[in-house]
Amino acid sequence: MADIIDTGREPERAIERACTVLAEGEPVAIPTETVYGLAADATNPDAISRIYEMKGRPRFNPLISHVSDMAMAEVHVRFDPISRRLAEAFWPGPLTLILPQRADSTVHALASAGLDTLGIRMPDGFSRRVIARFARPLAAPSANTSGKISPTSAAHVEADLGNKLRLILDAGPAQIGLESTIIKVDGDEIRLLRPGGLDAAEIETLLGLPVMRPETAGATIEAPGMLASHYAPGAAVRLDAVEVRAGEALVRFGGGRITGEAQATIVLDLSPTGNLREAAANLFDYMKRADASGAATIAFGPIPSDGLGEAIIDRLQRAAAPRE
Ligand code: TXA
Ligand code: MG
């Protein structure tokens, strides 16, 4: 079973243990502000293989390399001026940039799935301190079995991967709760490869340029991790429900009651006050709780599509997609 260390109570022991396990080429579950990551030394091919193995993930799916500061990022990728502005404005934070990898970068090709670009991010929170001490980038996908819901707490990680992992660092619930927003700058075109924890409108405001959505940019093929069915709970998922059917779980938003709630196995509200940030932070945990209620179907009430609603709806659509 995995050892779990509380980073609030024992920060120094947490960092030391994590660095020891990472140096031995083993993955460690680390808390980032978006979701918990399954992190390994990005320069060590055996360590990266262990990530793919633990997740049961297809190898062609590239991983994000996490860095602790700009100096570490510069060693591995080349920044264009727009990407640099984004990094300066939003790092550390829920933004991943796709950038050309430097020829002398030691991040292994297994982490980038052989692409000539690297997904790179400076996370906020305790994971950044671990990376700074380890002094090398950490490759980290979300710490869940491939295709399942991303973990936003140490307990989620333990339930899914606890018997395969040696160490989980517990920093409490993830503050943002949705994976990072992925951006690729092509000339003067800013392309959104994945909506996420950073609202794309904030990027547009900063740059005064439009962010091209996947439909318009044709970018879905370029983020190979974006398989249609993803974030899947055990139960079926029904979106934009205006009524609850017998035996369904209900997850709604904004405090308004929905017809038939009395028949639901459980009723959860992502944010009774209608706050999309709060809804994002609760999303994956509530999906798991609704799943655990024993319902065959989880009905989701309507969610506004502005701000973080874009990323929330993206995840719900993947959860609702036909399973393979
Ligand atoms: O918030 C997050 O991003 C979390 C935490 C742990 O940082 N990580 C995460 O990783 O969500 P993952 O592996 O679940 O998703 C990484 C996404 C995939 O869709 C992958 O295709 C894309 O990033 N990606 C990585 N490198 C890429 C590259 N060079 N070009 C295009 N897409 C890339
Ligand atoms: Mg994931």
# chains A, B, ... in the order shown; residues from 1 in each chain; ligands from 1

$ select_by_dssp --residues "segment 1-127 of chain A" --states "strand (DSSP E or B)" --output "ChimeraX atom specification"
/A:3-6,28-31,36-41,64-66,77,95-101,117-121

$ write_last_selection --atoms "N, CA, C and O atoms" --output "compact mmCIF listing (two decimals), in the first residue's frame"
# COMPACT_ATOMS: atom_id res chain seq x y z
N ASP A 3 2.33 4.82 0.94
CA ASP A 3 2.54 5.69 2.09
C ASP A 3 1.88 7.02 1.76
O ASP A 3 2.05 7.52 0.64
N ILE A 4 1.16 7.61 2.71
CA ILE A 4 0.56 8.93 2.46
C ILE A 4 1.17 9.92 3.45
O ILE A 4 1.12 9.68 4.66
N ILE A 5 1.76 10.98 2.94
CA ILE A 5 2.34 11.99 3.83
C ILE A 5 1.57 13.30 3.67
O ILE A 5 1.35 13.78 2.55
N ASP A 6 1.16 13.86 4.82
CA ASP A 6 0.45 15.13 4.85
C ASP A 6 1.49 16.26 4.68
O ASP A 6 2.34 16.45 5.54
N VAL A 28 5.53 9.09 -8.16
CA VAL A 28 4.97 9.55 -6.89
C VAL A 28 3.72 10.37 -7.23
O VAL A 28 3.73 11.13 -8.19
N ALA A 29 2.68 10.21 -6.45
CA ALA A 29 1.49 11.05 -6.65
C ALA A 29 1.68 12.37 -5.93
O ALA A 29 1.93 12.39 -4.72
N ILE A 30 1.60 13.46 -6.68
CA ILE A 30 1.84 14.77 -6.09
C ILE A 30 0.65 15.71 -6.31
O ILE A 30 -0.03 15.64 -7.33
N PRO A 31 0.42 16.59 -5.30
CA PRO A 31 -0.70 17.51 -5.43
C PRO A 31 -0.33 18.71 -6.30
O PRO A 31 0.69 19.37 -6.05
N TYR A 36 -4.43 15.95 -8.89
CA TYR A 36 -3.24 15.21 -8.43
C TYR A 36 -2.55 14.58 -9.64
O TYR A 36 -3.21 14.04 -10.52
N GLY A 37 -1.23 14.68 -9.67
CA GLY A 37 -0.46 14.15 -10.79
C GLY A 37 0.29 12.89 -10.41
O GLY A 37 0.67 12.69 -9.25
N LEU A 38 0.51 12.01 -11.41
CA LEU A 38 1.35 10.83 -11.22
C LEU A 38 2.70 11.19 -11.83
O LEU A 38 2.89 11.14 -13.04
N ALA A 39 3.64 11.60 -10.96
CA ALA A 39 4.86 12.26 -11.44
C ALA A 39 6.05 11.32 -11.45
O ALA A 39 6.22 10.48 -10.57
N ALA A 40 6.88 11.47 -12.48
CA ALA A 40 8.14 10.73 -12.55
C ALA A 40 9.18 11.60 -13.23
O ALA A 40 8.85 12.56 -13.93
N ASP A 41 10.43 11.25 -13.00
CA ASP A 41 11.57 11.95 -13.60
C ASP A 41 11.42 11.95 -15.13
O ASP A 41 11.49 10.90 -15.77
N ILE A 64 2.75 15.99 -19.92
CA ILE A 64 3.19 17.35 -19.64
C ILE A 64 4.44 17.29 -18.76
O ILE A 64 4.49 16.53 -17.79
N SER A 65 5.46 18.10 -19.11
CA SER A 65 6.65 18.23 -18.27
C SER A 65 6.44 19.42 -17.34
O SER A 65 6.16 20.53 -17.79
N HIS A 66 6.59 19.16 -16.04
CA HIS A 66 6.35 20.20 -15.03
C HIS A 66 7.67 20.76 -14.54
O HIS A 66 8.57 20.00 -14.19
N VAL A 77 12.76 24.10 -23.55
CA VAL A 77 11.92 24.57 -24.68
C VAL A 77 12.34 25.97 -25.12
O VAL A 77 13.01 26.69 -24.38
N LEU A 95 -1.96 26.48 -16.68
CA LEU A 95 -1.74 26.70 -18.11
C LEU A 95 -0.59 25.84 -18.59
O LEU A 95 0.51 25.89 -18.03
N THR A 96 -0.84 25.04 -19.64
CA THR A 96 0.21 24.26 -20.29
C THR A 96 0.47 24.86 -21.66
O THR A 96 -0.47 25.15 -22.40
N LEU A 97 1.74 25.07 -21.97
CA LEU A 97 2.12 25.61 -23.28
C LEU A 97 2.79 24.51 -24.09
O LEU A 97 3.61 23.76 -23.56
N ILE A 98 2.43 24.41 -25.37
CA ILE A 98 3.10 23.47 -26.27
C ILE A 98 4.17 24.25 -27.01
O ILE A 98 3.86 25.20 -27.74
N LEU A 99 5.42 23.87 -26.79
CA LEU A 99 6.55 24.65 -27.33
C LEU A 99 7.59 23.71 -27.94
O LEU A 99 7.70 22.55 -27.55
N PRO A 100 8.39 24.24 -28.91
CA PRO A 100 9.44 23.40 -29.50
C PRO A 100 10.46 22.98 -28.44
O PRO A 100 10.93 23.82 -27.66
N GLN A 101 10.78 21.69 -28.43
CA GLN A 101 11.77 21.20 -27.46
C GLN A 101 13.16 21.52 -27.98
O GLN A 101 13.44 21.39 -29.18
N THR A 117 7.75 18.74 -30.03
CA THR A 117 7.30 19.77 -29.08
C THR A 117 7.17 19.15 -27.69
O THR A 117 7.11 17.93 -27.56
N LEU A 118 7.12 20.03 -26.69
CA LEU A 118 6.93 19.58 -25.31
C LEU A 118 5.74 20.34 -24.72
O LEU A 118 5.63 21.55 -24.91
N GLY A 119 4.89 19.62 -24.03
CA GLY A 119 3.87 20.28 -23.21
C GLY A 119 4.54 20.64 -21.90
O GLY A 119 5.09 19.77 -21.23
N ILE A 120 4.52 21.93 -21.53
CA ILE A 120 5.28 22.34 -20.34
C ILE A 120 4.42 23.24 -19.46
O ILE A 120 3.62 24.04 -19.96
N ARG A 121 4.58 23.06 -18.14
CA ARG A 121 3.75 23.81 -17.20
C ARG A 121 4.49 24.00 -15.89
O ARG A 121 5.19 23.10 -15.44

$ closest_atom_pairs --of "chain A" --to "ligand 2" --cutoff "7 Å" --atoms "only C-alpha atoms and all ligand atoms" --output "tab-separated table"
residue	atom	partner	partner_atom_place_in_ligand_line	distance
A:Pro141	CA	ligand 2	1 (Mg)	5.6
A:Ser142	CA	ligand 2	1 (Mg)	4.4
A:Asn144	CA	ligand 2	1 (Mg)	7.0
A:Ser146	CA	ligand 2	1 (Mg)	6.9
A:Ser150	CA	ligand 2	1 (Mg)	5.8

$ residues_around --residues "segment 253-264 of chain A" --least-positions-apart "6" --cutoff "9 Å" --atoms "only C-alpha atoms" --output "list in words"
Ala241, Val242, Glu243, Val244, Arg245, Ala246, Gly247, Leu270, Ser271, Pro272, Thr273, Gly274, Asn275, Leu276, Ala279, Ala295, Phe300, Gly301, Pro302, Ile303 and Pro304 of chain A

$ write_last_selection --atoms "N, CA and C atoms" --output "short mmCIF file (atom, residue, chain, number, x, y, z; two decimals), in the first residue's frame"
data_model
loop_
_atom_site.label_atom_id
_atom_site.label_comp_id
_atom_site.auth_asym_id
_atom_site.auth_seq_id
_atom_site.Cartn_x
_atom_site.Cartn_y
_atom_site.Cartn_z
N ALA A 241 -30.10 17.73 -18.03
CA ALA A 241 -31.34 17.13 -17.54
C ALA A 241 -32.27 18.21 -17.00
N VAL A 242 -33.54 18.16 -17.40
CA VAL A 242 -34.52 19.09 -16.83
C VAL A 242 -35.43 18.36 -15.86
N GLU A 243 -35.30 17.01 -15.79
CA GLU A 243 -36.01 16.26 -14.76
C GLU A 243 -35.17 15.05 -14.38
N VAL A 244 -35.41 14.54 -13.18
CA VAL A 244 -34.69 13.34 -12.72
C VAL A 244 -35.60 12.14 -12.87
N ARG A 245 -35.02 11.05 -13.39
CA ARG A 245 -35.80 9.82 -13.50
C ARG A 245 -35.48 8.91 -12.32
N ALA A 246 -36.38 7.97 -12.05
CA ALA A 246 -36.24 7.08 -10.89
C ALA A 246 -34.88 6.39 -10.90
N GLY A 247 -34.20 6.41 -9.76
CA GLY A 247 -32.94 5.68 -9.64
C GLY A 247 -31.73 6.40 -10.18
N LEU A 270 -23.17 21.54 -7.55
CA LEU A 270 -21.77 21.92 -7.77
C LEU A 270 -21.46 23.28 -7.17
N SER A 271 -22.43 24.18 -7.21
CA SER A 271 -22.30 25.47 -6.55
C SER A 271 -23.69 26.07 -6.38
N PRO A 272 -24.24 25.96 -5.18
CA PRO A 272 -25.60 26.49 -4.94
C PRO A 272 -25.70 27.98 -5.27
N THR A 273 -24.59 28.72 -5.15
CA THR A 273 -24.64 30.16 -5.44
C THR A 273 -24.33 30.46 -6.90
N GLY A 274 -24.08 29.43 -7.71
CA GLY A 274 -23.83 29.66 -9.14
C GLY A 274 -22.44 30.16 -9.45
N ASN A 275 -21.45 29.73 -8.65
CA ASN A 275 -20.06 30.15 -8.87
C ASN A 275 -19.32 29.06 -9.65
N LEU A 276 -18.84 29.38 -10.86
CA LEU A 276 -18.23 28.35 -11.72
C LEU A 276 -16.89 27.86 -11.19
N ALA A 279 -17.76 25.31 -8.74
CA ALA A 279 -18.27 24.14 -9.47
C ALA A 279 -17.12 23.31 -10.04
N ALA A 295 -26.33 4.64 -8.54
CA ALA A 295 -27.21 4.95 -9.67
C ALA A 295 -26.65 4.35 -10.96
N PHE A 300 -26.97 15.31 -15.10
CA PHE A 300 -26.40 16.62 -14.79
C PHE A 300 -27.37 17.69 -15.23
N GLY A 301 -27.66 18.63 -14.36
CA GLY A 301 -28.48 19.77 -14.74
C GLY A 301 -27.67 20.69 -15.65
N PRO A 302 -28.33 21.67 -16.28
CA PRO A 302 -27.64 22.59 -17.20
C PRO A 302 -26.58 23.42 -16.46
N ILE A 303 -25.49 23.70 -17.19
CA ILE A 303 -24.39 24.51 -16.65
C ILE A 303 -24.06 25.60 -17.66
N PRO A 304 -23.90 26.85 -17.21
CA PRO A 304 -23.59 27.93 -18.15
C PRO A 304 -22.27 27.68 -18.88
#

$ atom_distance --atom1 "atom CA of Asp170 of chain A" --atom2 "atom CA of Thr7 of chain A"
5.8 Å

$ closest_residue --among "A:Thr145, A:Thr20, A:Thr106, A:Ser49" --to "ligand 1" --atoms "only C-alpha atoms and all ligand atoms"
A:Thr145

$ residues_around --residues "Arg191 of chain A" --least-positions-apart "2" --cutoff "9 Å" --atoms "only C-alpha atoms" --output "JSON, numbers by chain"
{"A": [182, 183, 184, 185, 186, 189, 193, 210, 211, 212, 213, 214, 217, 219]}

$ closest_residue --among "A:Asp306, A:Glu88, A:Glu202, A:Asp116" --to "ligand 1" --atoms "only C-alpha atoms and all ligand atoms"
A:Asp116

$ select_by_dssp --residues "segment 50-177 of chain A" --states "alpha helix (DSSP H)" --output "ChimeraX atom specification"
/A:50-55,70-76,81-90,109-112,126-134,154-161

$ residues_around --residues "segment 132-136 of chain A" --least-positions-apart "5" --cutoff "10 Å" --atoms "only C-alpha atoms" --output "PDB file with N, CA, C and O atoms, in the first residue's frame"
ATOM      1  N   ILE A  15       8.909  16.208   1.013  1.00  0.00           N
ATOM      2  CA  ILE A  15       9.806  16.534  -0.100  1.00  0.00           C
ATOM      3  C   ILE A  15      10.944  15.522  -0.180  1.00  0.00           C
ATOM      4  O   ILE A  15      11.268  15.018  -1.252  1.00  0.00           O
ATOM      5  N   GLU A  16      11.510  15.189   0.968  1.00  0.00           N
ATOM      6  CA  GLU A  16      12.643  14.250   0.976  1.00  0.00           C
ATOM      7  C   GLU A  16      12.253  12.871   0.467  1.00  0.00           C
ATOM      8  O   GLU A  16      12.934  12.290  -0.369  1.00  0.00           O
ATOM      9  N   ALA A  18       9.696  12.106  -1.387  1.00  0.00           N
ATOM     10  CA  ALA A  18       9.329  12.189  -2.806  1.00  0.00           C
ATOM     11  C   ALA A  18      10.583  12.172  -3.667  1.00  0.00           C
ATOM     12  O   ALA A  18      10.662  11.422  -4.657  1.00  0.00           O
ATOM     13  N   CYS A  19      11.578  12.956  -3.290  1.00  0.00           N
ATOM     14  CA  CYS A  19      12.794  13.027  -4.102  1.00  0.00           C
ATOM     15  C   CYS A  19      13.543  11.696  -4.101  1.00  0.00           C
ATOM     16  O   CYS A  19      14.107  11.292  -5.120  1.00  0.00           O
ATOM     17  N   THR A  20      13.523  10.992  -2.976  1.00  0.00           N
ATOM     18  CA  THR A  20      14.170   9.682  -2.907  1.00  0.00           C
ATOM     19  C   THR A  20      13.488   8.694  -3.855  1.00  0.00           C
ATOM     20  O   THR A  20      14.147   8.016  -4.660  1.00  0.00           O
ATOM     21  N   LEU A  22      11.517   9.338  -6.398  1.00  0.00           N
ATOM     22  CA  LEU A  22      11.681   9.793  -7.798  1.00  0.00           C
ATOM     23  C   LEU A  22      13.073   9.440  -8.317  1.00  0.00           C
ATOM     24  O   LEU A  22      13.227   8.999  -9.461  1.00  0.00           O
ATOM     25  N   ALA A  23      14.082   9.613  -7.473  1.00  0.00           N
ATOM     26  CA  ALA A  23      15.457   9.325  -7.895  1.00  0.00           C
ATOM     27  C   ALA A  23      15.658   7.831  -8.140  1.00  0.00           C
ATOM     28  O   ALA A  23      16.526   7.427  -8.916  1.00  0.00           O
ATOM     29  N   ALA A  40       6.882  11.470 -12.481  1.00  0.00           N
ATOM     30  CA  ALA A  40       8.142  10.730 -12.547  1.00  0.00           C
ATOM     31  C   ALA A  40       9.184  11.603 -13.226  1.00  0.00           C
ATOM     32  O   ALA A  40       8.848  12.565 -13.929  1.00  0.00           O
ATOM     33  N   ASP A  41      10.433  11.249 -12.996  1.00  0.00           N
ATOM     34  CA  ASP A  41      11.568  11.949 -13.601  1.00  0.00           C
ATOM     35  C   ASP A  41      11.416  11.950 -15.133  1.00  0.00           C
ATOM     36  O   ASP A  41      11.487  10.903 -15.774  1.00  0.00           O
ATOM     37  N   ALA A  42      11.246  13.136 -15.706  1.00  0.00           N
ATOM     38  CA  ALA A  42      10.979  13.247 -17.151  1.00  0.00           C
ATOM     39  C   ALA A  42      12.190  12.903 -18.002  1.00  0.00           C
ATOM     40  O   ALA A  42      12.072  12.761 -19.214  1.00  0.00           O
ATOM     41  N   THR A  43      13.348  12.766 -17.370  1.00  0.00           N
ATOM     42  CA  THR A  43      14.560  12.454 -18.138  1.00  0.00           C
ATOM     43  C   THR A  43      14.885  10.953 -18.098  1.00  0.00           C
ATOM     44  O   THR A  43      15.846  10.514 -18.712  1.00  0.00           O
ATOM     45  N   SER A  65       5.464  18.098 -19.110  1.00  0.00           N
ATOM     46  CA  SER A  65       6.646  18.230 -18.267  1.00  0.00           C
ATOM     47  C   SER A  65       6.441  19.421 -17.338  1.00  0.00           C
ATOM     48  O   SER A  65       6.163  20.533 -17.790  1.00  0.00           O
ATOM     49  N   HIS A  66       6.587  19.160 -16.036  1.00  0.00           N
ATOM     50  CA  HIS A  66       6.345  20.196 -15.026  1.00  0.00           C
ATOM     51  C   HIS A  66       7.671  20.757 -14.536  1.00  0.00           C
ATOM     52  O   HIS A  66       8.574  20.000 -14.193  1.00  0.00           O
ATOM     53  N   VAL A  67       7.753  22.092 -14.482  1.00  0.00           N
ATOM     54  CA  VAL A  67       8.989  22.759 -14.060  1.00  0.00           C
ATOM     55  C   VAL A  67       8.699  23.652 -12.858  1.00  0.00           C
ATOM     56  O   VAL A  67       7.548  24.011 -12.593  1.00  0.00           O
ATOM     57  N   SER A  68       9.780  24.007 -12.131  1.00  0.00           N
ATOM     58  CA  SER A  68       9.594  24.824 -10.936  1.00  0.00           C
ATOM     59  C   SER A  68       9.812  26.307 -11.190  1.00  0.00           C
ATOM     60  O   SER A  68       9.401  27.144 -10.391  1.00  0.00           O
ATOM     61  N   ASP A  69      10.491  26.649 -12.302  1.00  0.00           N
ATOM     62  CA  ASP A  69      10.770  28.062 -12.565  1.00  0.00           C
ATOM     63  C   ASP A  69      11.084  28.269 -14.048  1.00  0.00           C
ATOM     64  O   ASP A  69      11.249  27.302 -14.794  1.00  0.00           O
ATOM     65  N   MET A  72      14.353  26.651 -15.470  1.00  0.00           N
ATOM     66  CA  MET A  72      14.243  25.231 -15.808  1.00  0.00           C
ATOM     67  C   MET A  72      13.493  25.047 -17.130  1.00  0.00           C
ATOM     68  O   MET A  72      13.861  24.217 -17.963  1.00  0.00           O
ATOM     69  N   ALA A  73      12.471  25.858 -17.344  1.00  0.00           N
ATOM     70  CA  ALA A  73      11.714  25.765 -18.599  1.00  0.00           C
ATOM     71  C   ALA A  73      12.608  26.086 -19.797  1.00  0.00           C
ATOM     72  O   ALA A  73      12.604  25.374 -20.806  1.00  0.00           O
ATOM     73  N   THR A 106      17.065  17.278 -22.052  1.00  0.00           N
ATOM     74  CA  THR A 106      17.199  15.898 -21.588  1.00  0.00           C
ATOM     75  C   THR A 106      15.859  15.238 -21.283  1.00  0.00           C
ATOM     76  O   THR A 106      15.820  14.078 -20.844  1.00  0.00           O
ATOM     77  N   VAL A 107      14.749  15.937 -21.513  1.00  0.00           N
ATOM     78  CA  VAL A 107      13.444  15.280 -21.346  1.00  0.00           C
ATOM     79  C   VAL A 107      13.356  14.169 -22.387  1.00  0.00           C
ATOM     80  O   VAL A 107      13.588  14.391 -23.581  1.00  0.00           O
ATOM     81  N   SER A 127       3.596  20.753  -5.245  1.00  0.00           N
ATOM     82  CA  SER A 127       4.356  20.023  -6.277  1.00  0.00           C
ATOM     83  C   SER A 127       5.527  20.857  -6.794  1.00  0.00           C
ATOM     84  O   SER A 127       6.582  20.334  -7.128  1.00  0.00           O
TER      85      SER A 127
END

$ closest_residue --among "A:Asn61, A:Ser83, A:Asn282, A:Asn44" --to "ligand 1" --atoms "only C-alpha atoms and all ligand atoms"
A:Asn61

$ closest_residue --among "A:Leu268, A:His76, A:Glu10, A:Thr32" --to "Ile131 of chain A" --atoms "only C-alpha atoms"
A:Thr32

$ closest_residue --among "A:Lys148, A:Arg194, A:Arg129, A:Arg59" --to "ligand 1" --atoms "only C-alpha atoms and all ligand atoms"
A:Arg194
